[in-house]
Amino acid sequence: MPVKNRFAEMQDEIAVWRQDIHENPEILYDTHRTSALVAEKLQAFGCDEVTTGIGRTGVVGVIRGKSDSAGKVIGLRADMDALPIEEATGLAYASKTPGAMHACGHDGHTAMLLGAAKYLAETRNFDGTVVVIFQPAEEGGAGGKEMCDDGLMDRWGVQEVYGMHNWPGEPVGSFSIRSGAFFAATDQFDIAFTGKGGHAARPQVTVDTTVMAAQAVMALQTIVSRNADPIDRIVVSVTSFETSSTAFNVIPQGVHLRGTVRTMSPEMRDLAERRIKEICDGVAATFGGAVDVTYHRGYPVMVNSEEQTAFAADVARSVSGDCGEAPLVMGGEDFAFMLEERPGAYILVGNGDTAMVHHPEYNFNDEAIPAGCSWWAGIVEARMPAA
């Protein structure tokens with residue numbers, strides 16, 4: 001089952017869909033135009049059912065095979081949302097929306113799944129049911145959780161679920177995957193230090209929050225270097241340091257820190273949350289100030305199921321001839337919520353020598369379309385072979 005000729009024939013058509021979505025990016029749950037486009041195409045393809053408004057602006061399409069002897073139902077998921085980034089590609093179809101662009105390739109994911117849906121609706125050469133899932137708000141909005149909370153898995157009886165992401169730096173159309181923990185849990189923290197502000201010439205009568213917070217920034221790095229098991233993976237990054245005053249001669253009353261924690265295990269996640277609070281409490285007490293720490297748990301670790309990962313890799317090898325071992329990724333992916341509800345797997349498809357995702361010069365490589373579509377279709381036809 002190599003790259004299907006049908007997708008080679010459809011590549012230009014799918015690329016037009018992709019470039020149209022790229023030109024009209026929408027952020028988080030505001031995917032109204034994209035969702036409407038997806039629903040319209042699924043209906044035109046002849047899907048047996050098309051439902052909108054799942055997870056606010058998500059779209060679900062149902063395609064039934066020629067037979068259904070075993071009652072098998074497989075979900076295929078693509079994300080639709082863009083990022084709040086000003087595009088710098090100079091493309092003819094560059095974003096027409098200031099401050100928004102498809103800098104992660106979700107336009108490509110959506111277009112490839114649409115292409116696979118068109119093919120599957122045409123051929124129906126499988127025994128069972130396919131549920132194609134188009135999700136908003138992957139980029140920090142937990143749209144996957146919203147769709148699951150809306151009853152996605154139970155309502156359509158999904159038994160397994162599969163996802164895909166393009167990967168710059170890997171050969172176009174190549175695949176890689178790994179079993180078990182794959183993408184990291186992504187948490188956030190807000191730390192507010194309060195002291196006693198005053199004139200910078202009289203520090204002795206103040207409680208200096210700048211020094212206090214600076215000490216905390218350095219101390220928080222010891223969570224990784226001195227608290228965590230060196231063979232486990234954890235990142236603690238302070239990404240924002242804001243004082244309540246920007247004057248040259250004022251010691252600020254308060255300092256606000258923000259940052260992120262990335263972990264690959266529940267144990268490291270618990271450790272990070274506990275130690276951040278303990279360290280900040282200790283620093284504040286040492287300097288005679290006060291602190292308020294808010295720790296927000298975001299996306300969980302994304303864990304590929306062993307059986308489904310092996311199957312997904314086999315399908316990838318049948319398409320491209322090989323499937324490599326993917327690296328652990330400390331970025332987050334809210335497909336994790338779907339994999340918490342059902343067994344499944346998430347795979348990477350090569351995007352070639354392009355800028356990395358989340359970069360203003362990134363662009364999805366349309367040459368990856370035939371391989372990506374073939375993998376989607378292969379998942380269905382190999383997992384639910386026609387009776």
# chains A, B, ... in the order shown; residues from 1 in each chain; ligands from 1
call {"tool": "residues_around", "arguments": {"residues": "stretch 312-317 of chain A", "least_positions_apart": "4", "cutoff": "12 Å", "atoms": "only C-alpha atoms", "output": "number ranges by chain"}}
result
A: 1-3, 160-164, 173-179, 304-308, 321-326, 344-350, 371-383
call {"tool": "residues_around", "arguments": {"residues": "stretch 300-302 of chain A", "least_positions_apart": "3", "cutoff": "10 Å", "atoms": "only C-alpha atoms", "output": "PyMOL selection string"}}
result
chain A and resi 180-187+262-266+269+297+305+329-340+345-346
call {"tool": "residues_around", "arguments": {"residues": "A:Glu86", "least_positions_apart": "5", "cutoff": "10 Å", "atoms": "only C-alpha atoms", "output": "list in words"}}
result
Ser95, Thr97, Pro98, Gly99, Ala100, Met101, His102, Ala103, His359, Pro360 and Glu361 of chain A
call {"tool": "write_last_selection", "arguments": {"atoms": "C-alpha atoms", "output": "PDB file, in the first residue's frame"}}
result
ATOM      1  CA  SER A  95      -2.229  35.376   5.842  1.00  0.00           C
ATOM      2  CA  THR A  97      -5.363  38.484   8.920  1.00  0.00           C
ATOM      3  CA  PRO A  98      -2.928  40.762  10.787  1.00  0.00           C
ATOM      4  CA  GLY A  99      -1.306  39.048  13.753  1.00  0.00           C
ATOM      5  CA  ALA A 100      -2.427  35.534  12.824  1.00  0.00           C
ATOM      6  CA  MET A 101      -0.864  32.787  10.704  1.00  0.00           C
ATOM      7  CA  HIS A 102      -0.786  29.040  10.236  1.00  0.00           C
ATOM      8  CA  ALA A 103       2.684  28.683  11.710  1.00  0.00           C
ATOM      9  CA  HIS A 359       8.290  30.483  13.306  1.00  0.00           C
ATOM     10  CA  PRO A 360       6.998  33.435  11.223  1.00  0.00           C
ATOM     11  CA  GLU A 361       8.631  31.980   8.089  1.00  0.00           C
TER      12      GLU A 361
END
call {"tool": "select_by_dssp", "arguments": {"residues": "stretch 119-278 of chain A", "states": "strand (DSSP E)", "output": "number ranges by chain"}}
result
A: 129-135, 160-167, 175-177, 180-183, 185-194, 198-199, 234-243, 250-251, 254-263
call {"tool": "closest_residue", "arguments": {"among": "A:Ala219, A:Val130, A:Val62, A:Ala200", "to": "A:Ile279", "atoms": "only C-alpha atoms"}}
result
A:Ala219
call {"tool": "closest_residue", "arguments": {"among": "A:Ala88, A:Val16, A:Ala216, A:Val132", "to": "A:Thr51", "atoms": "only C-alpha atoms"}}
result
A:Val132
call {"tool": "residues_around", "arguments": {"residues": "stretch 194-199 of chain A", "least_positions_apart": "5", "cutoff": "7 Å", "atoms": "only C-alpha atoms", "output": "MDAnalysis selection string"}}
result
chainID A and resid 206:209 249:255 289:291
call {"tool": "closest_residue", "arguments": {"among": "A:Val238, A:Leu257, A:Cys104, A:Ala355", "to": "A:Thr89", "atoms": "only C-alpha atoms"}}
result
A:Ala355
call {"tool": "residues_around", "arguments": {"residues": "A:Lys145", "least_positions_apart": "2", "cutoff": "12 Å", "atoms": "only C-alpha atoms", "output": "PyMOL selection string"}}
result
chain A and resi 54-56+58+135-138+140-143+147-153+298-300+333-341
call {"tool": "write_last_selection", "arguments": {"atoms": "N, CA and C atoms", "output": "PDB file, in the first residue's frame"}}
result
ATOM      1  N   ILE A  54     -19.265  20.693  17.960  1.00  0.00           N
ATOM      2  CA  ILE A  54     -18.733  19.795  18.990  1.00  0.00           C
ATOM      3  C   ILE A  54     -17.436  20.405  19.517  1.00  0.00           C
ATOM      4  N   GLY A  55     -17.357  20.618  20.831  1.00  0.00           N
ATOM      5  CA  GLY A  55     -16.203  21.349  21.354  1.00  0.00           C
ATOM      6  C   GLY A  55     -16.232  22.775  20.856  1.00  0.00           C
ATOM      7  N   ARG A  56     -17.417  23.393  20.915  1.00  0.00           N
ATOM      8  CA  ARG A  56     -17.679  24.766  20.468  1.00  0.00           C
ATOM      9  C   ARG A  56     -17.708  24.888  18.955  1.00  0.00           C
ATOM     10  N   GLY A  58     -15.851  22.604  16.754  1.00  0.00           N
ATOM     11  CA  GLY A  58     -15.348  21.406  16.101  1.00  0.00           C
ATOM     12  C   GLY A  58     -16.356  20.827  15.121  1.00  0.00           C
ATOM     13  N   GLN A 135     -10.693  19.566  14.858  1.00  0.00           N
ATOM     14  CA  GLN A 135     -10.679  20.146  16.197  1.00  0.00           C
ATOM     15  C   GLN A 135     -10.161  21.573  16.224  1.00  0.00           C
ATOM     16  N   PRO A 136     -10.834  22.467  16.948  1.00  0.00           N
ATOM     17  CA  PRO A 136     -10.304  23.815  17.158  1.00  0.00           C
ATOM     18  C   PRO A 136      -9.358  23.853  18.350  1.00  0.00           C
ATOM     19  N   ALA A 137      -8.678  24.976  18.517  1.00  0.00           N
ATOM     20  CA  ALA A 137      -8.008  25.356  19.779  1.00  0.00           C
ATOM     21  C   ALA A 137      -7.008  24.335  20.298  1.00  0.00           C
ATOM     22  N   GLU A 138      -6.176  23.796  19.401  1.00  0.00           N
ATOM     23  CA  GLU A 138      -5.081  22.955  19.890  1.00  0.00           C
ATOM     24  C   GLU A 138      -3.999  23.808  20.528  1.00  0.00           C
ATOM     25  N   GLY A 140      -3.136  25.796  22.822  1.00  0.00           N
ATOM     26  CA  GLY A 140      -3.314  26.355  24.150  1.00  0.00           C
ATOM     27  C   GLY A 140      -4.739  26.442  24.639  1.00  0.00           C
ATOM     28  N   GLY A 141      -5.713  26.088  23.812  1.00  0.00           N
ATOM     29  CA  GLY A 141      -7.108  26.213  24.211  1.00  0.00           C
ATOM     30  C   GLY A 141      -7.769  24.925  24.638  1.00  0.00           C
ATOM     31  N   ALA A 142      -7.032  23.793  24.542  1.00  0.00           N
ATOM     32  CA  ALA A 142      -7.555  22.485  24.953  1.00  0.00           C
ATOM     33  C   ALA A 142      -8.837  22.114  24.215  1.00  0.00           C
ATOM     34  N   GLY A 143      -8.847  22.366  22.904  1.00  0.00           N
ATOM     35  CA  GLY A 143     -10.011  22.003  22.114  1.00  0.00           C
ATOM     36  C   GLY A 143     -10.278  20.505  22.098  1.00  0.00           C
ATOM     37  N   MET A 147     -13.886  18.780  23.006  1.00  0.00           N
ATOM     38  CA  MET A 147     -14.620  17.830  22.170  1.00  0.00           C
ATOM     39  C   MET A 147     -14.917  16.551  22.934  1.00  0.00           C
ATOM     40  N   CYS A 148     -13.951  16.073  23.715  1.00  0.00           N
ATOM     41  CA  CYS A 148     -14.189  14.883  24.537  1.00  0.00           C
ATOM     42  C   CYS A 148     -15.265  15.152  25.586  1.00  0.00           C
ATOM     43  N   ASP A 149     -15.214  16.330  26.220  1.00  0.00           N
ATOM     44  CA  ASP A 149     -16.220  16.678  27.230  1.00  0.00           C
ATOM     45  C   ASP A 149     -17.618  16.777  26.618  1.00  0.00           C
ATOM     46  N   ASP A 150     -17.675  17.069  25.314  1.00  0.00           N
ATOM     47  CA  ASP A 150     -18.956  17.115  24.602  1.00  0.00           C
ATOM     48  C   ASP A 150     -19.442  15.725  24.196  1.00  0.00           C
ATOM     49  N   GLY A 151     -18.728  14.695  24.609  1.00  0.00           N
ATOM     50  CA  GLY A 151     -19.171  13.330  24.349  1.00  0.00           C
ATOM     51  C   GLY A 151     -18.705  12.745  23.042  1.00  0.00           C
ATOM     52  N   LEU A 152     -17.626  13.276  22.476  1.00  0.00           N
ATOM     53  CA  LEU A 152     -17.139  12.830  21.174  1.00  0.00           C
ATOM     54  C   LEU A 152     -16.999  11.316  21.073  1.00  0.00           C
ATOM     55  N   MET A 153     -16.292  10.724  22.006  1.00  0.00           N
ATOM     56  CA  MET A 153     -15.973   9.297  21.899  1.00  0.00           C
ATOM     57  C   MET A 153     -17.209   8.415  22.071  1.00  0.00           C
ATOM     58  N   GLY A 298      -1.842  22.158  32.571  1.00  0.00           N
ATOM     59  CA  GLY A 298      -2.369  22.253  31.219  1.00  0.00           C
ATOM     60  C   GLY A 298      -2.557  20.890  30.588  1.00  0.00           C
ATOM     61  N   TYR A 299      -1.980  20.703  29.403  1.00  0.00           N
ATOM     62  CA  TYR A 299      -2.129  19.432  28.699  1.00  0.00           C
ATOM     63  C   TYR A 299      -1.367  18.331  29.430  1.00  0.00           C
ATOM     64  N   PRO A 300      -1.936  17.130  29.516  1.00  0.00           N
ATOM     65  CA  PRO A 300      -1.201  16.017  30.121  1.00  0.00           C
ATOM     66  C   PRO A 300      -0.158  15.455  29.159  1.00  0.00           C
ATOM     67  N   GLU A 333       0.754  18.722  23.295  1.00  0.00           N
ATOM     68  CA  GLU A 333      -0.184  18.347  22.230  1.00  0.00           C
ATOM     69  C   GLU A 333      -1.484  17.891  22.880  1.00  0.00           C
ATOM     70  N   ASP A 334      -2.593  18.587  22.574  1.00  0.00           N
ATOM     71  CA  ASP A 334      -3.822  18.255  23.293  1.00  0.00           C
ATOM     72  C   ASP A 334      -4.546  17.046  22.709  1.00  0.00           C
ATOM     73  N   PHE A 335      -3.963  16.384  21.701  1.00  0.00           N
ATOM     74  CA  PHE A 335      -4.436  15.050  21.335  1.00  0.00           C
ATOM     75  C   PHE A 335      -4.288  14.106  22.521  1.00  0.00           C
ATOM     76  N   ALA A 336      -3.474  14.516  23.497  1.00  0.00           N
ATOM     77  CA  ALA A 336      -3.308  13.735  24.727  1.00  0.00           C
ATOM     78  C   ALA A 336      -4.649  13.443  25.396  1.00  0.00           C
ATOM     79  N   PHE A 337      -5.575  14.404  25.369  1.00  0.00           N
ATOM     80  CA  PHE A 337      -6.875  14.197  26.002  1.00  0.00           C
ATOM     81  C   PHE A 337      -7.656  13.080  25.308  1.00  0.00           C
ATOM     82  N   MET A 338      -7.550  13.003  23.987  1.00  0.00           N
ATOM     83  CA  MET A 338      -8.242  11.946  23.258  1.00  0.00           C
ATOM     84  C   MET A 338      -7.612  10.592  23.548  1.00  0.00           C
ATOM     85  N   LEU A 339      -6.266  10.565  23.664  1.00  0.00           N
ATOM     86  CA  LEU A 339      -5.585   9.308  23.967  1.00  0.00           C
ATOM     87  C   LEU A 339      -5.805   8.875  25.414  1.00  0.00           C
ATOM     88  N   GLU A 340      -6.237   9.769  26.274  1.00  0.00           N
ATOM     89  CA  GLU A 340      -6.618   9.365  27.627  1.00  0.00           C
ATOM     90  C   GLU A 340      -7.962   8.636  27.621  1.00  0.00           C
ATOM     91  N   GLU A 341      -8.789   8.931  26.624  1.00  0.00           N
ATOM     92  CA  GLU A 341     -10.116   8.310  26.553  1.00  0.00           C
ATOM     93  C   GLU A 341     -10.144   7.034  25.717  1.00  0.00           C
TER      94      GLU A 341
END
call {"tool": "select_by_dssp", "arguments": {"residues": "stretch 144-267 of chain A", "states": "alpha helix (DSSP H)", "output": "PyMOL selection string"}}
result
chain A and resi 144-149+152-155+209-220+222+266-267
call {"tool": "write_last_selection", "arguments": {"atoms": "C-alpha atoms", "output": "PDB file, in the first residue's frame"}}
result
ATOM      1  CA  GLY A 144      -9.398  18.258  22.258  1.00  0.00           C
ATOM      2  CA  LYS A 145     -10.641  18.188  25.840  1.00  0.00           C
ATOM      3  CA  GLU A 146     -13.662  20.306  24.894  1.00  0.00           C
ATOM      4  CA  MET A 147     -14.620  17.830  22.170  1.00  0.00           C
ATOM      5  CA  CYS A 148     -14.189  14.883  24.537  1.00  0.00           C
ATOM      6  CA  ASP A 149     -16.220  16.678  27.230  1.00  0.00           C
ATOM      7  CA  LEU A 152     -17.139  12.830  21.174  1.00  0.00           C
ATOM      8  CA  MET A 153     -15.973   9.297  21.899  1.00  0.00           C
ATOM      9  CA  ASP A 154     -19.199   7.894  23.317  1.00  0.00           C
ATOM     10  CA  ARG A 155     -21.597   9.650  20.940  1.00  0.00           C
ATOM     11  CA  THR A 209      11.129  42.467  45.382  1.00  0.00           C
ATOM     12  CA  THR A 210      13.492  42.700  42.422  1.00  0.00           C
ATOM     13  CA  VAL A 211      16.287  41.020  44.366  1.00  0.00           C
ATOM     14  CA  MET A 212      13.769  38.619  45.885  1.00  0.00           C
ATOM     15  CA  ALA A 213      12.370  37.558  42.506  1.00  0.00           C
ATOM     16  CA  ALA A 214      15.819  37.355  40.913  1.00  0.00           C
ATOM     17  CA  GLN A 215      16.876  34.980  43.678  1.00  0.00           C
ATOM     18  CA  ALA A 216      13.776  32.882  42.993  1.00  0.00           C
ATOM     19  CA  VAL A 217      14.481  32.687  39.253  1.00  0.00           C
ATOM     20  CA  MET A 218      17.897  31.186  39.961  1.00  0.00           C
ATOM     21  CA  ALA A 219      16.666  28.929  42.751  1.00  0.00           C
ATOM     22  CA  LEU A 220      13.911  27.472  40.553  1.00  0.00           C
ATOM     23  CA  THR A 222      17.683  23.739  41.047  1.00  0.00           C
ATOM     24  CA  PRO A 266       3.204  12.296  36.748  1.00  0.00           C
ATOM     25  CA  GLU A 267       5.958  12.065  39.378  1.00  0.00           C
TER      26      GLU A 267
END
call {"tool": "residues_around", "arguments": {"residues": "A:Thr52", "least_positions_apart": "3", "cutoff": "9 Å", "atoms": "only C-alpha atoms", "output": "number ranges by chain"}}
result
A: 35-36, 39, 55-61
call {"tool": "residues_around", "arguments": {"residues": "stretch 118-128 of chain A", "least_positions_apart": "5", "cutoff": "7 Å", "atoms": "only C-alpha atoms", "output": "number ranges by chain"}}
result
A: 45-47, 63-73, 377, 380-381, 384-387
call {"tool": "write_last_selection", "arguments": {"atoms": "N, CA and C atoms", "output": "short mmCIF file (atom, residue, chain, number, x, y, z; two decimals), in the first residue's frame"}}
result
data_model
loop_
_atom_site.label_atom_id
_atom_site.label_comp_id
_atom_site.auth_asym_id
_atom_site.auth_seq_id
_atom_site.Cartn_x
_atom_site.Cartn_y
_atom_site.Cartn_z
N PHE A 45 -18.70 15.66 -0.12
CA PHE A 45 -18.08 14.36 -0.35
C PHE A 45 -19.08 13.22 -0.21
N GLY A 46 -20.21 13.48 0.43
CA GLY A 46 -21.21 12.44 0.65
C GLY A 46 -21.06 11.70 1.96
N CYS A 47 -20.45 12.35 2.97
CA CYS A 47 -20.37 11.73 4.29
C CYS A 47 -21.77 11.40 4.79
N ILE A 63 -18.26 8.36 8.04
CA ILE A 63 -18.23 7.65 6.75
C ILE A 63 -18.34 6.15 7.05
N ARG A 64 -19.37 5.54 6.52
CA ARG A 64 -19.58 4.10 6.74
C ARG A 64 -19.03 3.31 5.57
N GLY A 65 -18.39 2.20 5.89
CA GLY A 65 -17.81 1.35 4.87
C GLY A 65 -18.85 0.54 4.12
N LYS A 66 -18.37 -0.27 3.17
CA LYS A 66 -19.27 -1.12 2.39
C LYS A 66 -19.97 -2.15 3.25
N SER A 67 -19.34 -2.48 4.37
CA SER A 67 -19.93 -3.45 5.29
C SER A 67 -19.58 -3.04 6.72
N ASP A 68 -20.21 -3.72 7.67
CA ASP A 68 -19.94 -3.42 9.08
C ASP A 68 -20.16 -4.69 9.90
N SER A 69 -19.38 -5.70 9.57
CA SER A 69 -19.58 -7.00 10.21
C SER A 69 -19.08 -7.04 11.64
N ALA A 70 -18.09 -6.22 11.96
CA ALA A 70 -17.49 -6.28 13.30
C ALA A 70 -17.85 -5.09 14.17
N GLY A 71 -18.51 -4.08 13.62
CA GLY A 71 -18.87 -2.90 14.40
C GLY A 71 -17.69 -2.06 14.82
N LYS A 72 -16.64 -2.08 14.02
CA LYS A 72 -15.42 -1.33 14.36
C LYS A 72 -15.60 0.16 14.01
N VAL A 73 -15.12 1.05 14.90
CA VAL A 73 -15.19 2.50 14.67
C VAL A 73 -13.82 3.12 14.97
N ALA A 377 -5.75 7.03 4.99
CA ALA A 377 -6.57 6.01 4.33
C ALA A 377 -6.09 4.61 4.68
N VAL A 380 -7.36 3.22 7.96
CA VAL A 380 -8.74 2.72 7.87
C VAL A 380 -8.79 1.38 7.14
N GLU A 381 -8.18 1.32 5.97
CA GLU A 381 -8.31 0.11 5.14
C GLU A 381 -7.55 -1.08 5.72
N MET A 384 -9.51 -1.97 9.24
CA MET A 384 -10.87 -2.47 9.03
C MET A 384 -10.98 -2.99 7.60
N PRO A 385 -10.25 -4.05 7.25
CA PRO A 385 -10.26 -4.52 5.87
C PRO A 385 -11.67 -4.92 5.43
N ALA A 386 -11.95 -4.68 4.15
CA ALA A 386 -13.28 -4.98 3.62
C ALA A 386 -13.59 -6.46 3.78
N ALA A 387 -14.80 -6.74 4.19
CA ALA A 387 -15.21 -8.14 4.42
C ALA A 387 -15.35 -8.88 3.10
#
call {"tool": "closest_residue", "arguments": {"among": "A:Phe7, A:Trp167, A:Phe241, A:Phe134", "to": "A:Tyr362", "atoms": "only C-alpha atoms"}}
result
A:Trp167
call {"tool": "closest_residue", "arguments": {"among": "A:Tyr93, A:Thr243, A:Met112, A:Pro25", "to": "A:Ala78", "atoms": "only C-alpha atoms"}}
result
A:Met112
call {"tool": "closest_residue", "arguments": {"among": "A:Ala111, A:Ser225, A:Ser318, A:Ala272", "to": "A:Glu13", "atoms": "only C-alpha atoms"}}
result
A:Ala111
call {"tool": "atom_distance", "arguments": {"atom1": "atom CA of A:Glu278", "atom2": "atom CA of A:Ser240"}}
result
19.9 Å
call {"tool": "atom_distance", "arguments": {"atom1": "atom CA of A:Asp353", "atom2": "atom CA of A:Ile27"}}
result
25.8 Å
call {"tool": "atom_distance", "arguments": {"atom1": "atom CA of A:Ile191", "atom2": "atom CA of A:Val303"}}
result
29.8 Å
